[in-house]
Amino acid sequence: MELVCPAGNLPALKAAVNAGADAVYIGFQNATNARHFTGLNFTNEQIKAGVAFAHERGCKVFIAVNTYPYSQQMAQWHSAVDAAAELAVDALILADMGVMAYAAEKYPELNLHLSVQGSATTHQAVNFYAQQFGIKRAVIPRVLSVKQVAHLVKNSQVPIEVFGFGSLCVMVEGRCYLSSYATGLGPNNFGACSPASHVKWEQKTGHLETRLNGVLIDQVPEGESVGYPTICKGRYCVNQQTGYAIEEPTSLNTLEILSELHQLGVAAIKVEGRQRSPVYVKQVTQIMRSAIDHCKISGDDYQVNPQWQADLAALSEGQQTTLGAYYRKWQ
Amino acid sequence: MNSKTSHTLVSNSKKASISLAPIPYFWSAKQVHAYYERMAESKVDVFYLGEVICSKRKALRLNDWLDIARMLKNQGKEVVLSTLSLVEAASELSVLNKICGNGEFMVEAGDLSAVHMLSQLGVDFVLGSTVNIYNHDSWRKMKQLGMKRWVLPIEHSEQDIESFGNIMGCQTELMVWGRLPLAYSARCYTARTHNLAKDDCGFVCDQYPDGLKLATQENDEFLVINGIQTQSAKQYNLLENMPHPAIDIYRVTPQISHSEAVVALLRKRLDGELSSAQVHESVIKLFPEYAMSNGYWFKQPGMSQHTTVLQ
């Protein structure tokens with residue numbers, strides 16, 4: 001089971017490689033990838049340096065070109081595919097069928113991975129991409145229980161990568177328009193959820209208000225930690241009750257079920273967080289590396305080291321973690 | 001923001017059809033039957049039927065849907081069977097397989113599992129708005145696989161469709177009325193509101209035949225919770241902005257109380273019997289309590305309302 005770690009810049013890439021990642025995934029500095037944030041991501045020169053650094057240390061590099069271009073934007077996405085092929089990365093992570101068709105036809109030797117944004121939640125959907133575009137791996141959305149993951153892995157024609165740690169998308173990826181509804185910009189068409197340009201923080205007496213394009217997402221009382229205002233983690237009124245109607249600010253953490261995921265045949269564990277600091281990437285990579293190694297050695301005797309849990313909790317949104325949809329009762 | 005567009009009394013050269021999307025909410029079998037008996041009398045040309053949100057809702061089984069489909073077909077309506085938007089369980093795949101292989105009615109694919117099955121069977125299909133087609137290359141791929149009609153993903157604008165490329169040879173359908181389907185999750189938010197897990201939900205969503213309103217802490221109605229689906233609280237309303245030459249079929253999303261009135265108004269607009277301004281006034285009169293949006297069509301945030309100078 002591989003460990004696939006995020007990098008938003010060269011120092012983060014180096015941190016992930018040094019901390020034991022089997023692969024690092026990155027993106028270009030534009031809307032072709034789903035972490036389109038100011039100051040984040042790589043120039044072609046930085047990718048070259050990153051690929052050389054990683055390859056010298058036996059680590060792979062994947063590039064995400066995983067947003068959905070409109071017809072008139074196709075040329076830019078084609079250029080991204082061309083650049084990735086030229087930069088000799090180990091795989092290209094794609095979501096759009098048009099981009100996939102282009103990559104498969106022009107670079108038949110290039111490994112294509114289905115992005116989580118491709119929204120394939122069944123083996124039928126994964127096999128569709130495998131048969132139509134020859135994908136070599138699929139990253140699946142964070143909506144399946146462990147039992148459902150097992151069924152998918154068993155029946156899939158390609159290896160499956162699942163999310164193991166990081167921010168939790170509670171909506172099926174690739175089909176969430178919440179940010180787009182409020183701002184016009186979302187993961188599919190822009191490569192970011194709650195774009196910073198539309199976020200407003202305002203200190204009021206006793207609480208901090210967070211807004212997204214004017215919509216009140218939360219009023220955070222003084223002393224509480226303040227999360228980034230994504231719509232799904234806001235506090236709203238439903239049936240006269242105010243609270244986290246969708247999800248609390250929390251991170252996904254699969255340490256508890258890592259051995260199970262390993263035994264059911266998951267090919268890779270992905271860590272979310274290209275927007276995170278090199279220090280964060282280093283710490284999470286180290287812990288996940290230890291846990292995966294422990295899984296491989298211990299088999300059924302795998303036990304979670306309490307220190308890993310404590311350290312990951314400290315790095316998590318709202319300092320709390322969840323198994324998310326893997327755990328049936330969360331649903 | 002004002003812009004002047006020319007919405008004169010037009011009549012499309014091709015006959016513009018009206019479709020009714022699948023019922024997104026959990027209604028009782030009695031409510032569903034009553035609804036379709038009423039709507040069979042309306043100007044709806046194409047009916048999309050089936051449970052598309054939650055496989056646990058079993059007020060109607062596939063055979064019950066097929067009975068309704070045949071009733072509508074006998075009344076001269078076109079019927080399409082729609083599939084789940086978010087497919088997760090093996091049991092859901094097995095139902096999906098039955099729907100795709102029904103052999104009698106065309107199927108609207110809610111995800112790529114359905115597309116895979118339908119293309120393997122070699123049957124034509126409608127591509128639902130929850131399959132991401134943002135560009136002509138993806139569209140062409142689907143057309144090669146048997147797509148005869150596509151429902152535009154909700155965030156596509158007029159400008160996007162006009163610069164999309166040649167879309168001849170496949171019908172284009174656009175949602176013009178209803179709550180926007182914004183997201184799907186493994187978690188049931190209606191059950192969560194009642195402090196229940198999805199597996200023990202007690203079908204509480206049957207208490208909310210028009211969904212459950214979610215408001216911000218300053219009382220702005222923002223979203224609607226419908227089981228595992230999240231919708232917009234505002235009505236997406238393009239009635240006064242239609243017809244459009246690229247669109248063949250105009251889709252209305254059901255709500256329990258008012259689909260007939262919307263369909264009647266839309267028919268009159270498509271036939272050129274009412275001007276855009278008249279439709280605008282009628283909508284305000286019919287639904288004084290509803291907040292409206294049309295932003296996506298104008299390449300703006302989905303929740304925003306673009307004001308057009310109407311003629």
# chains A, B, ... in the order shown; residues from 1 in each chain; ligands from 1
>>> interface_residues(of="chain B", to="chain A", cutoff="7 Å", atoms="only C-alpha atoms", output="PDB file with N, CA, C and O atoms, in the first residue's frame")
ATOM      1  N   VAL B  87     -24.432   6.472  -6.531  1.00  0.00           N
ATOM      2  CA  VAL B  87     -24.566   5.023  -6.355  1.00  0.00           C
ATOM      3  C   VAL B  87     -23.405   4.545  -5.489  1.00  0.00           C
ATOM      4  O   VAL B  87     -22.242   4.838  -5.778  1.00  0.00           O
ATOM      5  N   GLU B  88     -23.704   3.829  -4.417  1.00  0.00           N
ATOM      6  CA  GLU B  88     -22.654   3.395  -3.492  1.00  0.00           C
ATOM      7  C   GLU B  88     -22.679   1.886  -3.226  1.00  0.00           C
ATOM      8  O   GLU B  88     -21.638   1.253  -3.172  1.00  0.00           O
ATOM      9  N   ALA B  89     -23.860   1.324  -3.032  1.00  0.00           N
ATOM     10  CA  ALA B  89     -23.961  -0.056  -2.558  1.00  0.00           C
ATOM     11  C   ALA B  89     -24.130  -1.046  -3.707  1.00  0.00           C
ATOM     12  O   ALA B  89     -24.633  -0.698  -4.775  1.00  0.00           O
ATOM     13  N   LEU B 112     -21.853   7.627 -13.932  1.00  0.00           N
ATOM     14  CA  LEU B 112     -21.140   6.875 -14.973  1.00  0.00           C
ATOM     15  C   LEU B 112     -21.296   5.369 -14.834  1.00  0.00           C
ATOM     16  O   LEU B 112     -21.038   4.634 -15.786  1.00  0.00           O
ATOM     17  N   SER B 113     -21.747   4.887 -13.663  1.00  0.00           N
ATOM     18  CA  SER B 113     -22.062   3.455 -13.564  1.00  0.00           C
ATOM     19  C   SER B 113     -23.167   3.142 -14.564  1.00  0.00           C
ATOM     20  O   SER B 113     -23.130   2.133 -15.273  1.00  0.00           O
ATOM     21  N   HIS B 116     -21.961   3.285 -18.137  1.00  0.00           N
ATOM     22  CA  HIS B 116     -21.197   2.078 -18.462  1.00  0.00           C
ATOM     23  C   HIS B 116     -22.138   0.928 -18.828  1.00  0.00           C
ATOM     24  O   HIS B 116     -21.963   0.248 -19.839  1.00  0.00           O
ATOM     25  N   THR B 130     -26.010  15.327 -13.678  1.00  0.00           N
ATOM     26  CA  THR B 130     -25.004  15.006 -12.661  1.00  0.00           C
ATOM     27  C   THR B 130     -23.804  14.260 -13.241  1.00  0.00           C
ATOM     28  O   THR B 130     -22.931  13.823 -12.494  1.00  0.00           O
ATOM     29  N   TYR B 134     -18.442  19.330 -19.578  1.00  0.00           N
ATOM     30  CA  TYR B 134     -18.143  20.762 -19.627  1.00  0.00           C
ATOM     31  C   TYR B 134     -17.656  21.200 -21.006  1.00  0.00           C
ATOM     32  O   TYR B 134     -17.557  22.385 -21.277  1.00  0.00           O
ATOM     33  N   ASN B 135     -17.304  20.235 -21.858  1.00  0.00           N
ATOM     34  CA  ASN B 135     -16.714  20.628 -23.141  1.00  0.00           C
ATOM     35  C   ASN B 135     -17.119  19.648 -24.232  1.00  0.00           C
ATOM     36  O   ASN B 135     -17.645  18.557 -23.960  1.00  0.00           O
ATOM     37  N   HIS B 136     -16.845  20.077 -25.460  1.00  0.00           N
ATOM     38  CA  HIS B 136     -17.308  19.336 -26.612  1.00  0.00           C
ATOM     39  C   HIS B 136     -16.645  17.960 -26.732  1.00  0.00           C
ATOM     40  O   HIS B 136     -17.270  17.007 -27.201  1.00  0.00           O
ATOM     41  N   ASP B 137     -15.399  17.851 -26.295  1.00  0.00           N
ATOM     42  CA  ASP B 137     -14.712  16.552 -26.394  1.00  0.00           C
ATOM     43  C   ASP B 137     -15.399  15.499 -25.522  1.00  0.00           C
ATOM     44  O   ASP B 137     -15.545  14.340 -25.927  1.00  0.00           O
ATOM     45  N   SER B 138     -15.813  15.908 -24.323  1.00  0.00           N
ATOM     46  CA  SER B 138     -16.528  14.975 -23.436  1.00  0.00           C
ATOM     47  C   SER B 138     -17.899  14.650 -24.022  1.00  0.00           C
ATOM     48  O   SER B 138     -18.348  13.501 -23.992  1.00  0.00           O
ATOM     49  N   SER B 163     -20.812  28.919 -26.834  1.00  0.00           N
ATOM     50  CA  SER B 163     -19.437  28.705 -27.304  1.00  0.00           C
ATOM     51  C   SER B 163     -19.017  27.237 -27.143  1.00  0.00           C
ATOM     52  O   SER B 163     -17.838  26.912 -27.189  1.00  0.00           O
ATOM     53  N   PHE B 164     -19.981  26.361 -26.959  1.00  0.00           N
ATOM     54  CA  PHE B 164     -19.681  24.962 -26.653  1.00  0.00           C
ATOM     55  C   PHE B 164     -19.134  24.197 -27.846  1.00  0.00           C
ATOM     56  O   PHE B 164     -18.242  23.355 -27.719  1.00  0.00           O
ATOM     57  N   LEU B 182     -27.618  20.860  -5.669  1.00  0.00           N
ATOM     58  CA  LEU B 182     -26.265  21.397  -5.485  1.00  0.00           C
ATOM     59  C   LEU B 182     -25.235  20.373  -5.024  1.00  0.00           C
ATOM     60  O   LEU B 182     -24.054  20.525  -5.314  1.00  0.00           O
ATOM     61  N   ALA B 183     -25.652  19.349  -4.276  1.00  0.00           N
ATOM     62  CA  ALA B 183     -24.645  18.411  -3.767  1.00  0.00           C
ATOM     63  C   ALA B 183     -25.302  17.129  -3.271  1.00  0.00           C
ATOM     64  O   ALA B 183     -26.501  17.105  -2.951  1.00  0.00           O
ATOM     65  N   TYR B 184     -24.491  16.069  -3.225  1.00  0.00           N
ATOM     66  CA  TYR B 184     -24.931  14.752  -2.744  1.00  0.00           C
ATOM     67  C   TYR B 184     -23.880  14.244  -1.778  1.00  0.00           C
ATOM     68  O   TYR B 184     -22.692  14.485  -1.971  1.00  0.00           O
ATOM     69  N   SER B 185     -24.317  13.506  -0.782  1.00  0.00           N
ATOM     70  CA  SER B 185     -23.385  13.042   0.240  1.00  0.00           C
ATOM     71  C   SER B 185     -23.726  11.629   0.673  1.00  0.00           C
ATOM     72  O   SER B 185     -24.835  11.140   0.432  1.00  0.00           O
ATOM     73  N   ALA B 186     -22.773  10.967   1.344  1.00  0.00           N
ATOM     74  CA  ALA B 186     -23.079   9.673   1.957  1.00  0.00           C
ATOM     75  C   ALA B 186     -23.992   9.874   3.158  1.00  0.00           C
ATOM     76  O   ALA B 186     -24.741   8.997   3.549  1.00  0.00           O
ATOM     77  N   ARG B 187     -23.890  11.061   3.737  1.00  0.00           N
ATOM     78  CA  ARG B 187     -24.639  11.334   4.967  1.00  0.00           C
ATOM     79  C   ARG B 187     -26.039  11.867   4.652  1.00  0.00           C
ATOM     80  O   ARG B 187     -26.199  12.649   3.719  1.00  0.00           O
ATOM     81  N   CYS B 188     -27.001  11.438   5.455  1.00  0.00           N
ATOM     82  CA  CYS B 188     -28.357  11.972   5.322  1.00  0.00           C
ATOM     83  C   CYS B 188     -28.518  13.125   6.303  1.00  0.00           C
ATOM     84  O   CYS B 188     -28.471  12.936   7.514  1.00  0.00           O
ATOM     85  N   TYR B 189     -28.720  14.327   5.767  1.00  0.00           N
ATOM     86  CA  TYR B 189     -28.817  15.514   6.617  1.00  0.00           C
ATOM     87  C   TYR B 189     -30.181  15.659   7.272  1.00  0.00           C
ATOM     88  O   TYR B 189     -30.302  16.272   8.325  1.00  0.00           O
ATOM     89  N   THR B 193     -30.516  16.013  11.265  1.00  0.00           N
ATOM     90  CA  THR B 193     -31.298  17.035  11.955  1.00  0.00           C
ATOM     91  C   THR B 193     -32.127  16.418  13.077  1.00  0.00           C
ATOM     92  O   THR B 193     -32.398  17.051  14.090  1.00  0.00           O
ATOM     93  N   ALA B 197     -28.927   8.277  12.648  1.00  0.00           N
ATOM     94  CA  ALA B 197     -27.991   7.858  11.610  1.00  0.00           C
ATOM     95  C   ALA B 197     -28.806   7.410  10.399  1.00  0.00           C
ATOM     96  O   ALA B 197     -29.988   7.059  10.530  1.00  0.00           O
ATOM     97  N   LYS B 198     -28.184   7.399   9.241  1.00  0.00           N
ATOM     98  CA  LYS B 198     -28.912   7.063   8.015  1.00  0.00           C
ATOM     99  C   LYS B 198     -29.541   5.669   8.090  1.00  0.00           C
ATOM    100  O   LYS B 198     -30.667   5.467   7.636  1.00  0.00           O
ATOM    101  N   LYS B 213     -35.906  23.430   5.034  1.00  0.00           N
ATOM    102  CA  LYS B 213     -35.165  24.679   4.833  1.00  0.00           C
ATOM    103  C   LYS B 213     -33.990  24.823   5.807  1.00  0.00           C
ATOM    104  O   LYS B 213     -34.133  24.519   6.991  1.00  0.00           O
ATOM    105  N   LEU B 214     -32.884  25.287   5.280  1.00  0.00           N
ATOM    106  CA  LEU B 214     -31.717  25.599   6.093  1.00  0.00           C
ATOM    107  C   LEU B 214     -31.460  27.095   5.923  1.00  0.00           C
ATOM    108  O   LEU B 214     -31.341  27.581   4.793  1.00  0.00           O
ATOM    109  N   ALA B 215     -31.426  27.806   7.056  1.00  0.00           N
ATOM    110  CA  ALA B 215     -31.213  29.257   6.988  1.00  0.00           C
ATOM    111  C   ALA B 215     -29.902  29.615   7.660  1.00  0.00           C
ATOM    112  O   ALA B 215     -29.416  28.886   8.528  1.00  0.00           O
ATOM    113  N   THR B 216     -29.332  30.745   7.273  1.00  0.00           N
ATOM    114  CA  THR B 216     -28.129  31.215   7.948  1.00  0.00           C
ATOM    115  C   THR B 216     -28.543  31.743   9.319  1.00  0.00           C
ATOM    116  O   THR B 216     -29.733  31.871   9.613  1.00  0.00           O
ATOM    117  N   GLN B 217     -27.551  32.090  10.130  1.00  0.00           N
ATOM    118  CA  GLN B 217     -27.860  32.584  11.480  1.00  0.00           C
ATOM    119  C   GLN B 217     -28.466  33.979  11.453  1.00  0.00           C
ATOM    120  O   GLN B 217     -28.809  34.519  12.498  1.00  0.00           O
ATOM    121  N   GLN B 300     -23.008  34.022 -13.533  1.00  0.00           N
ATOM    122  CA  GLN B 300     -22.836  34.652 -12.226  1.00  0.00           C
ATOM    123  C   GLN B 300     -23.031  33.575 -11.154  1.00  0.00           C
ATOM    124  O   GLN B 300     -23.412  32.457 -11.481  1.00  0.00           O
ATOM    125  N   PRO B 301     -22.795  33.900  -9.882  1.00  0.00           N
ATOM    126  CA  PRO B 301     -23.079  32.909  -8.845  1.00  0.00           C
ATOM    127  C   PRO B 301     -24.503  32.381  -8.987  1.00  0.00           C
ATOM    128  O   PRO B 301     -25.427  33.148  -9.282  1.00  0.00           O
ATOM    129  N   GLY B 302     -24.678  31.084  -8.773  1.00  0.00           N
ATOM    130  CA  GLY B 302     -25.994  30.476  -8.950  1.00  0.00           C
ATOM    131  C   GLY B 302     -27.089  31.154  -8.152  1.00  0.00           C
ATOM    132  O   GLY B 302     -28.243  31.213  -8.579  1.00  0.00           O
ATOM    133  N   MET B 303     -26.737  31.679  -6.979  1.00  0.00           N
ATOM    134  CA  MET B 303     -27.769  32.248  -6.097  1.00  0.00           C
ATOM    135  C   MET B 303     -28.193  33.659  -6.497  1.00  0.00           C
ATOM    136  O   MET B 303     -29.156  34.188  -5.963  1.00  0.00           O
TER     137      MET B 303
END
>>> select_by_dssp(residues="region 159-316 of chain A", states="helix (DSSP H, G or I)", output="ChimeraX atom specification")
/A:178-183,196-198,231-233,255-263,278-301,306-314
>>> select_by_dssp(residues="region 29-143 of chain A", states="strand (DSSP E or B)", output="ChimeraX atom specification")
/A:42,60-65,91-94,112-114,137-139
>>> residues_around(residues="Val46 (chain B)", least_positions_apart="4", cutoff="9 Å", atoms="only C-alpha atoms", output="PyMOL selection string")
chain B and resi 17-21+77-80+249+251
>>> residues_around(residues="Asp300 (chain A)", least_positions_apart="4", cutoff="12 Å", atoms="only C-alpha atoms", output="MDAnalysis selection string")
chainID A and resid 257:263 294:296 304
>>> write_last_selection(atoms="C-alpha atoms", output="PDB file, in the first residue's frame")
ATOM      1  CA  ILE A 257      -8.940   1.229   9.835  1.00  0.00           C
ATOM      2  CA  LEU A 258      -5.618   1.356   8.001  1.00  0.00           C
ATOM      3  CA  SER A 259      -4.940  -2.338   8.442  1.00  0.00           C
ATOM      4  CA  GLU A 260      -8.417  -3.171   7.181  1.00  0.00           C
ATOM      5  CA  LEU A 261      -7.904  -1.009   4.092  1.00  0.00           C
ATOM      6  CA  HIS A 262      -4.559  -2.715   3.513  1.00  0.00           C
ATOM      7  CA  GLN A 263      -6.013  -6.193   3.819  1.00  0.00           C
ATOM      8  CA  HIS A 294       3.434  -1.035  10.942  1.00  0.00           C
ATOM      9  CA  CYS A 295       0.381  -2.390   9.030  1.00  0.00           C
ATOM     10  CA  LYS A 296       2.587  -4.282   6.618  1.00  0.00           C
ATOM     11  CA  VAL A 304      -2.697   2.425  16.499  1.00  0.00           C
TER      12      VAL A 304
END
>>> atom_distance(atom1="CA of Thr230 (chain A)", atom2="CA of Leu212 (chain A)")
8.0 Å
>>> residues_around(residues="Leu315 (chain A)", least_positions_apart="6", cutoff="10 Å", atoms="only C-alpha atoms", output="JSON list (two decimals) with C-alpha atoms, in the first residue's frame")
[["chain", "number", "residue", "atom", "x", "y", "z"],
["A", 166, "GLY", "CA", -6.81, 15.52, 5.72],
["A", 251, "SER", "CA", -10.48, 16.14, 9.47],
["A", 280, "TYR", "CA", 2.42, 19.97, 8.20],
["A", 281, "VAL", "CA", 3.22, 17.78, 5.20],
["A", 283, "GLN", "CA", 4.56, 15.63, 10.17],
["A", 284, "VAL", "CA", 1.59, 13.92, 8.54],
["A", 309, "GLN", "CA", -3.47, 9.87, 17.05],
["A", 321, "THR", "CA", -10.92, 13.83, 13.46]]
>>> residues_around(residues="Ile269 (chain A)", least_positions_apart="5", cutoff="6 Å", atoms="only C-alpha atoms", output="VMD selection string")
chain A and resid 3 to 4 161 to 164
>>> residues_around(residues="Glu109 (chain A)", least_positions_apart="2", cutoff="12 Å", atoms="only C-alpha atoms", output="list in words")
Ala85, Glu86, Ala88, Val89, Asp90, Ala91, Leu92, Ala103, Ala104, Glu105, Lys106, Tyr107, Asn111, Leu112, Gly134, Ile135 and Lys136 of chain A
>>> atom_distance(atom1="CA of Arg267 (chain B)", atom2="CA of Leu239 (chain B)")
9.6 Å
>>> atom_distance(atom1="CA of Val123 (chain B)", atom2="CA of Val107 (chain B)")
8.9 Å
>>> closest_residue(among="A:Ser197, A:Phe28, A:Val266, A:Leu87", to="Asn41 (chain A)", atoms="only C-alpha atoms")
A:Phe28
>>> decode(residues="region 106-117 of chain A", atoms="N, CA, C and O atoms", output="PDB file, in the first residue's frame")
ATOM      1  N   LYS A 106      -2.709  10.953 -27.186  1.00  0.00           N
ATOM      2  CA  LYS A 106      -1.422  11.557 -27.535  1.00  0.00           C
ATOM      3  C   LYS A 106      -0.245  10.921 -26.788  1.00  0.00           C
ATOM      4  O   LYS A 106       0.856  10.845 -27.314  1.00  0.00           O
ATOM      5  N   TYR A 107      -0.486  10.477 -25.576  1.00  0.00           N
ATOM      6  CA  TYR A 107       0.609   9.916 -24.760  1.00  0.00           C
ATOM      7  C   TYR A 107       0.212   8.538 -24.228  1.00  0.00           C
ATOM      8  O   TYR A 107      -0.009   8.360 -23.021  1.00  0.00           O
ATOM      9  N   PRO A 108       0.114   7.559 -25.107  1.00  0.00           N
ATOM     10  CA  PRO A 108      -0.365   6.238 -24.657  1.00  0.00           C
ATOM     11  C   PRO A 108       0.510   5.606 -23.570  1.00  0.00           C
ATOM     12  O   PRO A 108       0.035   4.745 -22.831  1.00  0.00           O
ATOM     13  N   GLU A 109       1.757   6.057 -23.463  1.00  0.00           N
ATOM     14  CA  GLU A 109       2.648   5.477 -22.442  1.00  0.00           C
ATOM     15  C   GLU A 109       2.484   6.133 -21.073  1.00  0.00           C
ATOM     16  O   GLU A 109       2.983   5.623 -20.073  1.00  0.00           O
ATOM     17  N   LEU A 110       1.829   7.276 -21.048  1.00  0.00           N
ATOM     18  CA  LEU A 110       1.714   8.030 -19.807  1.00  0.00           C
ATOM     19  C   LEU A 110       0.661   7.391 -18.891  1.00  0.00           C
ATOM     20  O   LEU A 110      -0.441   7.069 -19.329  1.00  0.00           O
ATOM     21  N   ASN A 111       1.009   7.195 -17.625  1.00  0.00           N
ATOM     22  CA  ASN A 111       0.043   6.633 -16.664  1.00  0.00           C
ATOM     23  C   ASN A 111      -1.032   7.656 -16.339  1.00  0.00           C
ATOM     24  O   ASN A 111      -0.713   8.765 -15.916  1.00  0.00           O
ATOM     25  N   LEU A 112      -2.280   7.274 -16.520  1.00  0.00           N
ATOM     26  CA  LEU A 112      -3.377   8.174 -16.160  1.00  0.00           C
ATOM     27  C   LEU A 112      -4.057   7.638 -14.909  1.00  0.00           C
ATOM     28  O   LEU A 112      -4.385   6.450 -14.831  1.00  0.00           O
ATOM     29  N   HIS A 113      -4.256   8.524 -13.937  1.00  0.00           N
ATOM     30  CA  HIS A 113      -5.016   8.172 -12.743  1.00  0.00           C
ATOM     31  C   HIS A 113      -6.321   8.963 -12.770  1.00  0.00           C
ATOM     32  O   HIS A 113      -6.328  10.133 -13.153  1.00  0.00           O
ATOM     33  N   LEU A 114      -7.398   8.333 -12.352  1.00  0.00           N
ATOM     34  CA  LEU A 114      -8.666   9.051 -12.251  1.00  0.00           C
ATOM     35  C   LEU A 114      -8.666   9.847 -10.951  1.00  0.00           C
ATOM     36  O   LEU A 114      -8.495   9.290  -9.876  1.00  0.00           O
ATOM     37  N   SER A 115      -8.877  11.140 -11.065  1.00  0.00           N
ATOM     38  CA  SER A 115      -8.950  12.012  -9.893  1.00  0.00           C
ATOM     39  C   SER A 115     -10.224  11.716  -9.098  1.00  0.00           C
ATOM     40  O   SER A 115     -11.228  11.259  -9.652  1.00  0.00           O
ATOM     41  N   VAL A 116     -10.194  12.063  -7.819  1.00  0.00           N
ATOM     42  CA  VAL A 116     -11.408  11.979  -7.005  1.00  0.00           C
ATOM     43  C   VAL A 116     -12.495  12.848  -7.627  1.00  0.00           C
ATOM     44  O   VAL A 116     -13.697  12.569  -7.504  1.00  0.00           O
ATOM     45  N   GLN A 117     -12.082  13.892  -8.331  1.00  0.00           N
ATOM     46  CA  GLN A 117     -13.033  14.791  -8.998  1.00  0.00           C
ATOM     47  C   GLN A 117     -13.776  14.095 -10.142  1.00  0.00           C
ATOM     48  O   GLN A 117     -14.792  14.585 -10.609  1.00  0.00           O
TER      49      GLN A 117
END
